[in-house]
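Q: This is the content of data.txt (compact mmCIF, C-alpha atoms):
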```
# COMPACT_ATOMS: atom_id res chain seq x y z
CA MET T 1 -29.50 31.66 -12.79
CA SER T 2 -33.20 31.46 -11.89
CA HIS T 3 -35.74 31.71 -14.69
CA LEU T 4 -37.51 35.05 -14.76
CA VAL T 5 -41.23 34.84 -13.95
CA LYS T 6 -42.98 36.35 -16.99
CA ASP T 7 -46.36 37.01 -15.31
CA ILE T 8 -46.19 40.68 -14.27
CA ASP T 9 -49.34 40.49 -12.11
CA LYS T 10 -47.86 37.57 -10.16
CA GLN T 11 -44.61 39.50 -9.73
CA LEU T 12 -46.44 42.57 -8.44
CA GLU T 13 -48.55 40.55 -5.98
CA ILE T 14 -45.45 38.93 -4.48
CA ILE T 15 -43.38 42.15 -4.45
CA LYS T 16 -46.20 44.10 -2.77
CA ARG T 17 -46.66 41.49 -0.02
CA GLY T 18 -46.09 43.20 3.31
CA THR T 19 -44.36 46.25 1.81
CA ALA T 20 -44.71 49.66 3.48
CA GLU T 21 -43.95 51.76 0.38
CA ILE T 22 -42.80 51.39 -3.24
CA ILE T 23 -41.20 54.64 -4.45
CA PRO T 24 -42.38 55.22 -7.11
CA GLU T 25 -44.68 52.32 -8.01
CA GLU T 26 -45.11 53.39 -11.64
CA GLU T 27 -41.33 53.18 -12.16
CA LEU T 28 -41.31 49.67 -10.70
CA LEU T 29 -44.05 48.65 -13.14
CA ASP T 30 -42.06 50.11 -16.04
CA LYS T 31 -38.85 48.33 -14.93
CA LEU T 32 -40.69 45.01 -14.61
CA LYS T 33 -42.26 45.34 -18.07
CA ARG T 34 -38.88 46.05 -19.69
CA SER T 35 -37.27 43.27 -17.66
CA ILE T 36 -39.79 40.74 -18.99
CA GLU T 37 -39.64 42.05 -22.58
CA GLU T 38 -35.83 41.91 -22.62
CA ASP T 39 -35.62 38.73 -20.49
CA ARG T 40 -33.24 40.68 -18.25
CA PRO T 41 -33.45 40.22 -14.48
CA LEU T 42 -33.45 43.38 -12.36
CA LYS T 43 -30.57 44.06 -9.97
CA VAL T 44 -31.97 44.08 -6.46
CA LYS T 45 -29.70 45.57 -3.80
CA LEU T 46 -29.71 45.15 -0.05
CA GLY T 47 -27.00 46.54 2.18
CA LEU T 48 -26.33 45.05 5.60
CA ASP T 49 -23.99 46.64 8.11
CA PRO T 50 -22.69 43.78 10.32
CA THR T 51 -22.98 45.75 13.56
CA ALA T 52 -23.83 42.77 15.83
CA PRO T 53 -22.99 39.05 15.68
CA ASP T 54 -26.58 37.77 15.69
CA ILE T 55 -29.65 38.47 13.59
CA HIS T 56 -33.18 38.49 15.04
CA LEU T 57 -36.51 38.15 13.23
CA GLY T 58 -36.82 41.93 12.84
CA HIS T 59 -33.69 41.91 10.67
CA THR T 60 -35.10 39.14 8.45
CA VAL T 61 -38.08 41.14 7.13
CA VAL T 62 -36.06 42.65 4.25
CA LEU T 63 -34.26 39.33 3.71
CA HIS T 64 -37.58 37.58 3.08
CA LYS T 65 -38.45 40.22 0.48
CA MET T 66 -35.02 39.64 -1.04
CA ARG T 67 -35.74 35.89 -1.22
CA GLN T 68 -39.09 36.52 -2.92
CA LEU T 69 -37.43 38.67 -5.58
CA GLN T 70 -34.74 36.01 -5.99
CA GLU T 71 -37.41 33.36 -6.56
CA LEU T 72 -39.02 35.62 -9.19
CA GLY T 73 -35.76 35.33 -11.12
CA HIS T 74 -34.11 38.66 -10.32
CA ASP T 75 -30.41 39.14 -9.57
CA ILE T 76 -29.72 39.67 -5.89
CA VAL T 77 -26.80 41.84 -4.77
CA LEU T 78 -26.08 41.61 -1.06
CA ILE T 79 -23.69 44.33 0.09
CA MET T 80 -21.85 43.63 3.31
CA GLY T 81 -21.20 47.07 4.76
CA ASP T 82 -17.77 46.29 6.13
CA PHE T 83 -16.78 49.92 5.39
CA THR T 84 -20.05 51.72 6.24
CA GLY T 85 -20.29 49.60 9.40
CA ARG T 86 -17.24 51.42 10.74
CA ILE T 87 -19.28 54.65 10.68
CA GLY T 88 -22.61 53.28 11.84
CA ASP T 89 -25.94 54.11 10.23
CA PRO T 90 -27.45 57.19 11.95
CA SER T 91 -31.01 56.15 10.94
CA GLY T 92 -33.37 56.36 13.90
CA ARG T 93 -30.54 57.28 16.27
CA SER T 94 -30.74 60.03 18.88
CA GLU T 95 -26.95 60.03 19.27
CA THR T 96 -23.80 59.09 17.37
CA ARG T 97 -23.16 55.35 17.10
CA ARG T 98 -19.94 53.88 18.46
CA GLN T 99 -17.60 53.14 15.57
CA LEU T 100 -16.73 49.44 15.26
CA THR T 101 -13.21 48.13 14.78
CA GLU T 102 -12.19 46.16 11.69
CA GLU T 103 -11.86 43.03 13.88
CA GLU T 104 -15.43 43.39 15.18
CA ILE T 105 -16.73 43.89 11.64
CA GLU T 106 -14.88 40.82 10.31
CA LYS T 107 -16.19 38.63 13.12
CA ASN T 108 -19.77 39.79 12.56
CA VAL T 109 -19.55 39.35 8.77
CA ALA T 110 -18.64 35.67 9.26
CA THR T 111 -21.75 34.97 11.34
CA TYR T 112 -24.01 37.11 9.09
CA LYS T 113 -23.23 35.07 5.99
CA ASP T 114 -24.22 31.83 7.72
CA GLN T 115 -27.43 33.30 9.14
CA VAL T 116 -28.49 35.12 5.96
CA GLY T 117 -27.97 31.87 4.04
CA LYS T 118 -30.86 30.31 5.97
CA ILE T 119 -33.24 32.71 4.17
CA ILE T 120 -31.80 33.54 0.75
CA ASP T 121 -29.90 31.26 -1.62
CA ILE T 122 -26.32 32.43 -1.07
CA ASN T 123 -25.12 30.38 -4.06
CA LYS T 124 -27.33 32.50 -6.34
CA THR T 125 -26.46 35.76 -4.61
CA ARG T 126 -23.79 38.26 -5.61
CA LEU T 127 -22.10 38.96 -2.30
CA VAL T 128 -19.86 42.05 -2.27
CA TYR T 129 -18.10 44.19 0.33
CA ASN T 130 -18.38 47.96 0.04
CA SER T 131 -14.85 48.45 1.35
CA SER T 132 -13.70 47.23 -2.09
CA TRP T 133 -14.82 50.56 -3.62
CA LEU T 134 -15.36 52.95 -0.70
CA GLY T 135 -11.91 52.15 0.69
CA ARG T 136 -10.32 53.18 -2.60
CA LEU T 137 -11.90 56.64 -2.85
CA SER T 138 -9.37 59.47 -2.64
CA PHE T 139 -10.10 62.58 -0.58
CA SER T 140 -10.75 64.33 -3.89
CA ASP T 141 -13.36 61.65 -4.73
CA VAL T 142 -15.03 62.16 -1.35
CA LEU T 143 -15.19 65.92 -1.91
CA THR T 144 -16.80 65.36 -5.33
CA LEU T 145 -19.37 63.03 -3.75
CA ALA T 146 -20.05 65.45 -0.88
CA SER T 147 -20.60 68.32 -3.36
CA LYS T 148 -23.65 66.53 -4.75
CA TYR T 149 -25.72 67.02 -1.57
CA THR T 150 -26.40 70.05 0.63
CA VAL T 151 -26.51 70.40 4.41
CA ALA T 152 -30.09 71.68 4.06
CA ARG T 153 -31.09 68.44 2.32
CA MET T 154 -29.38 66.39 5.03
CA LEU T 155 -31.23 68.31 7.74
CA GLU T 156 -34.54 67.38 6.12
CA ARG T 157 -33.93 63.97 7.61
CA ASP T 158 -36.06 63.56 10.77
CA ASP T 159 -33.38 62.26 13.12
CA PHE T 160 -30.78 64.82 11.99
CA GLU T 161 -33.31 67.67 12.24
CA ARG T 162 -34.36 66.61 15.74
CA ARG T 163 -30.78 66.31 16.97
CA TYR T 164 -29.83 69.67 15.42
CA LYS T 165 -32.77 71.46 17.11
CA GLN T 166 -32.02 69.81 20.46
CA GLY T 167 -28.34 70.69 20.26
CA ILE T 168 -27.28 67.02 20.17
CA PRO T 169 -23.97 66.69 18.27
CA ILE T 170 -24.00 65.35 14.70
CA GLY T 171 -20.65 64.16 13.37
CA ILE T 172 -19.68 65.21 9.83
CA HIS T 173 -18.98 61.52 9.20
CA GLU T 174 -22.69 60.80 9.86
CA PHE T 175 -23.62 63.14 7.00
CA LEU T 176 -21.37 61.04 4.79
CA TYR T 177 -23.18 57.79 5.63
CA PRO T 178 -26.23 58.31 3.34
CA LEU T 179 -23.86 59.39 0.54
CA MET T 180 -21.81 56.22 0.95
CA GLN T 181 -24.91 54.01 0.93
CA GLY T 182 -26.18 55.90 -2.11
CA TYR T 183 -22.82 55.50 -3.84
CA ASP T 184 -23.13 51.73 -3.30
CA SER T 185 -26.21 51.88 -5.57
CA VAL T 186 -24.20 53.73 -8.22
CA VAL T 187 -21.40 51.13 -8.15
CA VAL T 188 -23.69 48.06 -8.45
CA LYS T 189 -26.13 49.89 -10.82
CA ALA T 190 -29.11 48.89 -8.69
CA ASP T 191 -32.61 48.77 -10.22
CA ILE T 192 -34.27 48.24 -6.82
CA GLU T 193 -33.03 48.82 -3.29
CA LEU T 194 -34.67 47.30 -0.21
CA GLY T 195 -34.67 48.65 3.33
CA GLY T 196 -36.76 49.21 6.43
CA THR T 197 -38.98 52.28 6.70
CA ASP T 198 -36.19 53.88 8.76
CA GLN T 199 -33.95 53.60 5.67
CA LYS T 200 -36.18 55.69 3.38
CA PHE T 201 -33.90 58.75 3.41
CA ASN T 202 -30.81 56.68 2.55
CA LEU T 203 -32.65 54.91 -0.28
CA MET T 204 -33.78 58.24 -1.75
CA VAL T 205 -30.20 59.56 -1.63
CA GLY T 206 -29.31 56.52 -3.76
CA ARG T 207 -31.88 57.62 -6.36
CA ASP T 208 -30.46 61.16 -6.39
CA LEU T 209 -26.86 60.04 -6.75
CA GLN T 210 -27.69 57.63 -9.57
CA ARG T 211 -29.21 60.56 -11.49
CA GLU T 212 -26.07 62.62 -10.81
CA PHE T 213 -23.95 59.81 -12.26
CA GLY T 214 -26.17 59.45 -15.35
CA GLN T 215 -27.94 56.26 -14.28
CA GLU T 216 -31.64 55.44 -14.21
CA PRO T 217 -32.66 55.83 -10.53
CA GLN T 218 -33.47 52.77 -8.48
CA VAL T 219 -36.92 52.03 -7.11
CA ALA T 220 -36.96 52.12 -3.30
CA ILE T 221 -38.99 49.40 -1.57
CA THR T 222 -39.38 49.87 2.18
CA MET T 223 -40.50 47.18 4.59
CA PRO T 224 -42.25 47.72 7.93
CA ILE T 225 -40.39 47.58 11.23
CA LEU T 226 -41.41 44.35 13.00
CA GLU T 227 -42.97 44.67 16.45
CA GLY T 228 -41.41 42.55 19.18
CA LEU T 229 -42.98 40.01 21.53
CA ASP T 230 -44.73 42.80 23.48
CA GLY T 231 -46.66 43.76 20.35
CA VAL T 232 -45.86 47.45 20.85
CA GLN T 233 -42.20 48.39 20.48
CA LYS T 234 -39.95 47.37 17.60
CA MET T 235 -38.11 44.10 18.00
CA SER T 236 -34.83 44.85 19.71
CA LYS T 237 -32.20 42.98 21.69
CA SER T 238 -31.82 45.91 24.06
CA LEU T 239 -35.56 45.72 24.87
CA GLY T 240 -35.45 41.93 25.29
CA ASN T 241 -38.53 41.49 23.08
CA TYR T 242 -36.77 39.61 20.28
CA ILE T 243 -36.54 36.14 18.73
CA GLY T 244 -32.98 35.43 17.60
CA ILE T 245 -32.68 33.14 14.59
CA SER T 246 -29.65 31.41 16.17
CA GLU T 247 -31.45 30.70 19.44
CA PRO T 248 -32.19 27.06 20.37
CA PRO T 249 -35.32 25.50 18.77
CA ASN T 250 -37.26 25.35 22.06
CA GLU T 251 -36.53 29.02 22.72
CA ILE T 252 -37.71 30.12 19.26
CA TYR T 253 -40.84 27.98 19.61
CA GLY T 254 -41.66 29.15 23.14
CA LYS T 255 -41.07 32.82 22.35
CA THR T 256 -43.25 32.60 19.24
CA MET T 257 -46.08 31.18 21.35
CA SER T 258 -45.87 34.28 23.57
CA ILE T 259 -46.61 36.85 20.84
CA THR T 260 -49.93 38.68 20.92
CA ASP T 261 -52.76 37.27 18.77
CA GLU T 262 -52.82 40.50 16.75
CA LEU T 263 -49.31 39.80 15.44
CA ILE T 264 -49.89 36.26 14.15
CA VAL T 265 -50.82 37.14 10.54
CA ARG T 266 -48.24 39.95 10.42
CA TYR T 267 -45.46 37.54 11.41
CA PHE T 268 -46.66 34.97 8.85
CA GLU T 269 -46.59 37.66 6.16
CA LEU T 270 -43.28 39.30 7.03
CA VAL T 271 -41.00 36.54 8.35
CA THR T 272 -42.14 33.23 6.83
CA PRO T 273 -42.29 31.81 3.29
CA VAL T 274 -45.92 30.66 3.75
CA PRO T 275 -47.83 31.49 0.52
CA ASN T 276 -50.29 34.41 0.44
CA GLU T 277 -53.30 32.12 -0.13
CA GLU T 278 -52.54 30.11 3.02
CA ILE T 279 -52.06 33.26 5.09
CA ARG T 280 -55.40 34.61 3.87
CA GLN T 281 -57.02 31.28 4.86
CA ILE T 282 -55.44 31.43 8.33
CA GLN T 283 -56.80 34.97 8.75
CA GLU T 284 -60.30 33.95 7.62
CA ASP T 285 -60.36 30.87 9.84
CA MET T 286 -59.30 32.87 12.90
CA ASN T 287 -61.88 35.57 12.15
CA SER T 288 -64.65 32.98 11.82
CA GLY T 289 -63.60 31.05 14.90
CA LYS T 290 -62.69 27.90 12.95
CA LEU T 291 -59.04 28.29 13.97
CA ASN T 292 -57.87 28.89 17.53
CA PRO T 293 -55.15 31.59 17.69
CA ARG T 294 -53.06 29.21 19.80
CA ASP T 295 -53.09 26.63 16.97
CA ALA T 296 -52.19 29.33 14.44
CA LYS T 297 -49.25 30.32 16.66
CA MET T 298 -48.14 26.69 16.85
CA ARG T 299 -48.11 26.57 13.04
CA LEU T 300 -46.09 29.83 13.00
CA ALA T 301 -43.65 28.52 15.63
CA LYS T 302 -43.13 25.31 13.66
CA GLU T 303 -42.48 27.30 10.45
CA LEU T 304 -39.84 29.45 12.16
CA VAL T 305 -38.01 26.57 13.87
CA THR T 306 -38.06 24.54 10.63
CA MET T 307 -36.53 27.48 8.74
CA TYR T 308 -33.60 27.89 11.14
CA HIS T 309 -33.09 24.40 12.61
CA GLY T 310 -34.89 21.90 10.36
CA ARG T 311 -38.15 19.96 10.49
CA GLU T 312 -37.05 17.38 13.07
CA ALA T 313 -36.03 20.11 15.52
CA ALA T 314 -39.40 21.80 14.95
CA LEU T 315 -41.33 18.59 15.73
CA ASN T 316 -39.27 18.03 18.89
CA ALA T 317 -39.80 21.63 20.00
CA GLU T 318 -43.54 21.22 19.48
CA LYS T 319 -43.60 18.01 21.57
CA GLU T 320 -41.63 19.72 24.31
CA PHE T 321 -43.98 22.72 24.30
CA ILE T 322 -47.08 20.50 24.54
CA ALA T 323 -45.53 18.46 27.36
CA VAL T 324 -44.35 21.44 29.39
CA PHE T 325 -46.96 24.11 28.79
CA GLN T 326 -50.13 22.23 27.95
CA LYS T 327 -49.66 19.19 30.20
CA GLY T 328 -47.59 20.78 32.95
CA ALA T 329 -44.55 18.51 32.65
CA LEU T 330 -41.03 19.75 33.25
CA PRO T 331 -38.71 20.30 30.28
CA ASP T 332 -35.96 17.75 29.64
CA ASP T 333 -33.14 20.24 29.44
CA ILE T 334 -33.33 22.14 32.75
CA PRO T 335 -29.85 23.56 33.44
CA ASP T 336 -28.12 22.72 36.72
CA VAL T 337 -27.08 25.80 38.69
CA PHE T 338 -24.63 25.49 41.56
CA ILE T 339 -25.17 27.76 44.57
CA PRO T 340 -22.14 28.10 46.91
CA GLN T 341 -22.86 27.33 50.55
CA ALA T 342 -21.35 30.74 51.36
CA GLU T 343 -24.41 32.38 49.73
CA LEU T 344 -26.72 30.77 52.32
CA LYS T 345 -27.46 31.87 55.86
CA ASP T 346 -26.60 29.53 58.75
CA ASP T 347 -30.14 28.11 58.58
CA GLY T 348 -29.63 27.15 54.92
CA THR T 349 -31.92 29.86 53.52
CA ILE T 350 -31.46 32.57 50.91
CA TRP T 351 -33.56 35.62 49.96
CA LEU T 352 -35.63 34.51 46.95
CA PRO T 353 -34.77 37.50 44.65
CA LYS T 354 -31.09 36.80 45.36
CA LEU T 355 -31.59 33.11 44.46
CA LEU T 356 -33.28 34.07 41.18
CA THR T 357 -30.31 36.29 40.31
CA ALA T 358 -27.72 33.67 41.34
CA ALA T 359 -29.55 31.08 39.22
CA GLY T 360 -29.40 33.33 36.16
CA LEU T 361 -33.21 33.59 35.97
CA ALA T 362 -33.32 37.33 36.72
CA ASN T 363 -30.92 40.12 35.71
CA SER T 364 -31.13 41.78 39.14
CA THR T 365 -32.80 41.36 42.51
CA SER T 366 -35.23 44.17 41.63
CA ALA T 367 -36.23 42.31 38.43
CA GLY T 368 -36.61 39.16 40.55
CA LYS T 369 -38.89 40.99 43.00
CA ARG T 370 -41.08 42.20 40.11
CA SER T 371 -41.43 38.64 38.79
CA ILE T 372 -42.37 37.38 42.25
CA MET T 373 -45.03 40.09 42.74
CA GLN T 374 -46.42 39.31 39.28
CA GLY T 375 -46.97 35.70 40.35
CA ALA T 376 -44.47 34.34 37.82
CA VAL T 377 -42.15 32.53 40.27
CA ARG T 378 -42.54 28.90 41.39
CA ILE T 379 -40.38 26.65 43.52
CA ASP T 380 -40.98 22.95 42.92
CA GLY T 381 -44.29 23.92 41.32
CA GLU T 382 -45.49 26.12 44.22
CA LYS T 383 -46.17 29.77 43.41
CA ILE T 384 -44.42 32.32 45.64
CA THR T 385 -45.74 35.90 45.67
CA ASP T 386 -43.92 37.38 48.71
CA PRO T 387 -40.82 39.31 47.51
CA ASP T 388 -39.31 39.02 51.03
CA HIS T 389 -39.63 35.22 51.05
CA ARG T 390 -36.58 33.26 52.21
CA VAL T 391 -36.06 29.86 50.61
CA LEU T 392 -34.69 26.79 52.36
CA VAL T 393 -32.36 25.58 49.63
CA THR T 394 -32.22 21.86 48.89
CA SER T 395 -30.19 20.19 46.19
CA GLY T 396 -32.36 19.30 43.17
CA MET T 397 -35.09 21.87 43.80
CA ILE T 398 -36.62 23.39 40.63
CA VAL T 399 -36.90 27.17 40.44
CA GLN T 400 -39.00 28.66 37.64
CA ILE T 401 -39.89 32.12 36.27
CA GLY T 402 -42.77 32.25 33.81
CA LYS T 403 -43.25 29.41 31.35
CA ARG T 404 -39.78 29.18 29.84
CA LYS T 405 -37.13 29.85 32.49
CA PHE T 406 -36.12 26.92 34.71
CA ALA T 407 -33.12 26.06 36.89
CA ARG T 408 -32.28 22.97 38.95
CA ILE T 409 -30.44 24.06 42.08
CA LYS T 410 -27.36 22.13 43.16
CA LEU T 411 -25.32 22.76 46.29
```
Take the structure I supplied and represent it as structure tokens, if you would.
A:
Amino acid sequence: MSHLVKDIDKQLEIIKRGTAEIIPEEELLDKLKRSIEEDRPLKVKLGLDPTAPDIHLGHTVVLHKMRQLQELGHDIVLIMGDFTGRIGDPSGRSETRRQLTEEEIEKNVATYKDQVGKIIDINKTRLVYNSSWLGRLSFSDVLTLASKYTVARMLERDDFERRYKQGIPIGIHEFLYPLMQGYDSVVVKADIELGGTDQKFNLMVGRDLQREFGQEPQVAITMPILEGLDGVQKMSKSLGNYIGISEPPNEIYGKTMSITDELIVRYFELVTPVPNEEIRQIQEDMNSGKLNPRDAKMRLAKELVTMYHGREAALNAEKEFIAVFQKGALPDDIPDVFIPQAELKDDGTIWLPKLLTAAGLANSTSAGKRSIMQGAVRIDGEKITDPDHRVLVTSGMIVQIGKRKFARIKL
């Protein structure tokens, strides 16, 4: 067990780092005071529904807060939502989620544990599965739980209210989701629950249910939703603006270098363990012009690669980035892509957007055309801007989109 940090001001400074909301803050202060007086760590709960096999940086924001609380000496309870994941959290959804199978859930849980362990100390974490209690509830138990909340209260939730007004179906099982997440808090007797700002309703249901079951309500701590590489929309795989923590070191490094300057400090604060004092210094040095944003991004990229792949991988990724993007060299690991002769015309040429698609550099010919018109496509270092261009294909030619996508063509 970690030793509890007895300095309440230090605890508050670390807990408040990057948080969106603490509900209510005075209750958190009271819980911390009693925790220190009684030398009793608080139970900090985080629920994760393993709905996809891979975690990206946006998912790690709450995990970093979890790690901070763990380092302050509090007891961490990580709930794998193997039961709730079969329903699918309706938070922020404009339609009903597809329900996952038990096999999909089990497969995702296995990868989640490995990835989460790169941020929090799994050996000092109480890891539980909510199927162990939710799966045992009788229909009578479910009715009792459902009686503790009204439809009117459920429709206060933004996404439910919007769907109801627009006539978009809401499954009864979706109403049960917040109750199940709240019941998780009752079972583990949580003092604090963490979640993104989109989880606020679910966290507040947990407070209500704990009162109903005669427990002191948990404090809800919400964390901001992380913007993706575009600096505008939330990080999302479907939008392609994400950094996956299982991606290769060079990919994590290169993607980090592409974020907007405005996001540098925010990323440091939300998804790295860099101390507050150092982050403040980075901010001051960039504001005063002493630190180039590019150098700050290189520090951020190195921090992220080190966290997920180790220091040696981070140093190698940095060398590769400098060689390729600052000195114009080609990367060492350009994949070979074989193009069948049948794809070529009799004169040995192919329409460039079709080549980009065949080489796996573009998702479609229309996406390839956009990249060409944006001036992002090069063949053997020569920029091509004509979307109707036909390429004479030779074995060994290098095709490139942007600064990170390369392919060596083989016939």
Q: So which one's closest to T:Gly244, T:Leu304, T:Ile120, T:Leu344, T:Ala296? Using only C-alpha atoms, please.
A: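 Among the listed residues, the smallest separation from T:Gly244 belongs to T:Leu304.
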Q: Dump as a PyMOL selection string all residues having an atom at most 12 Å from (-28.1, 20.5, 34.7), computed in the file's coordinates with all atoms listed in the file.
A: chain T and resi 331-338+359+395-398+406-410
Q: Ranking T:Met80, T:Leu229, T:Val61, T:Met204 by minimum distance to T:Pro24 and counting all atoms listed in the file, which one comes first?
A: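 Of T:Met80, T:Leu229, T:Val61, T:Met204, the one nearest T:Pro24, counting all atoms listed in the file, is T:Met204.
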Q: Which residue out of T:Ile379, T:Glu227, T:Thr51, T:Glu21 has the minimum interatomic distance to T:Leu239 when all atoms listed in the file are used?
A: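 Checking each of T:Ile379, T:Glu227, T:Thr51, T:Glu21 against T:Leu239, counting all atoms listed in the file, the winner is T:Glu227.
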Q: Hey, which of T:Ser138, T:Ser236, T:Thr272, T:Thr222 ends up closest to T:Thr60? Count all atoms listed in the file.
A: T:Thr272
Q: Calculate how many Å separate atom CA of T:Met180 from atom CA of T:Leu134, rounding to one decimal.
A: 7.4 Å
Q: I need the residue nearest T:Leu194 from this list: T:Gln68, T:Gln400, T:Thr101, T:Gln166. Use all atoms listed in the file for the distance.
A: T:Gln68
Q: Excluding stretch 273-280 of chain T and residues on its chain fewer than 4 positions from it, collect all residues at most 12 Å away from it, counting only C-alpha atoms, and give them as an NGL selection string.
A: :T and (10 or 13-18 or 60-61 or 63-68 or 71 or 118-120 or 264-269 or 284-287 or 296 or 299-300 or 302-304 or 306-307)
Q: Emit as JSON the padded axis-aligned box for all listed atoms of stretch 120-136 of chain T, 3 Å per side, with centre and edge lengths in Å to one decimal.
A:
```
{"center_x": -21.1, "center_y": 41.8, "center_z": -2.5, "size_x": 27.5, "size_y": 28.8, "size_z": 13.7}
```
Q: May I have the residues within 12 Å of T:Ser238 as a ChimeraX atom specification, using all atoms listed in the file and disregarding those fewer than 3 positions away in the same chain?
A: /T:52,56,228,233-235,241-242
Q: Enter the distance from atom CA of T:Ala317 to atom CA of T:Gly368, in Å, rounded to one decimal.
A: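 Interatomic distance here is 27.2 Å.
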Q: So the first atom is atom CA of T:Pro248 and the second is atom CA of T:Ile372; what is the distance between them in Å, to one decimal place?
A: 26.2 Å
Q: Rank T:Tyr149, T:Phe325, T:Trp133, T:Tyr253 by their smallest atom-to-atom distance to T:Leu176, using only C-alpha atoms, and report the top residue only.
A: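 Once distances to T:Leu176 are computed over only C-alpha atoms, the minimum belongs to T:Tyr149.
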Q: So which residues touch T:Pro53 within 10 Å, counting only C-alpha atoms, skipping near sequence neighbours fewer than 4 positions away, as a list of chain:residue names?
A: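 My list of contacting residues is T:Glu104, T:Ile105, T:Glu106, T:Lys107, T:Asn108, T:Val109, T:Ala110, T:Thr111, T:Tyr112, T:Gln115.
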Q: With a distance cut-off of 9 Å and only C-alpha atoms, select the neighbouring residues of stretch 382-385 of chain T, excluding the residue or stretch itself and same-chain residues fewer than 3 positions from it, and output the selection as a list of chain:residue names.
A: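 The residues satisfying every condition are T:Lys369, T:Ser371, T:Ile372, T:Met373, T:Gln374, T:Gly375, T:Ala376, T:Val377, T:Arg378, T:Ile379, T:Asp388, T:His389.
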Q: Could you give me, as a ChimeraX atom specification, the residues within 8 Å of T:Met257, counting all atoms listed in the file and dropping anything in the same chain fewer than 3 positions from it?
A: /T:253-254,294,297-298,301
Q: Okay, now the selection with C-alpha atoms, as a compact mmCIF listing (two decimals), keeping the file's coordinate frame?
A:
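Output file result_38.txt follows:
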```
# COMPACT_ATOMS: atom_id res chain seq x y z
CA TYR T 253 -40.84 27.98 19.61
CA GLY T 254 -41.66 29.15 23.14
CA ARG T 294 -53.06 29.21 19.80
CA LYS T 297 -49.25 30.32 16.66
CA MET T 298 -48.14 26.69 16.85
CA ALA T 301 -43.65 28.52 15.63
```
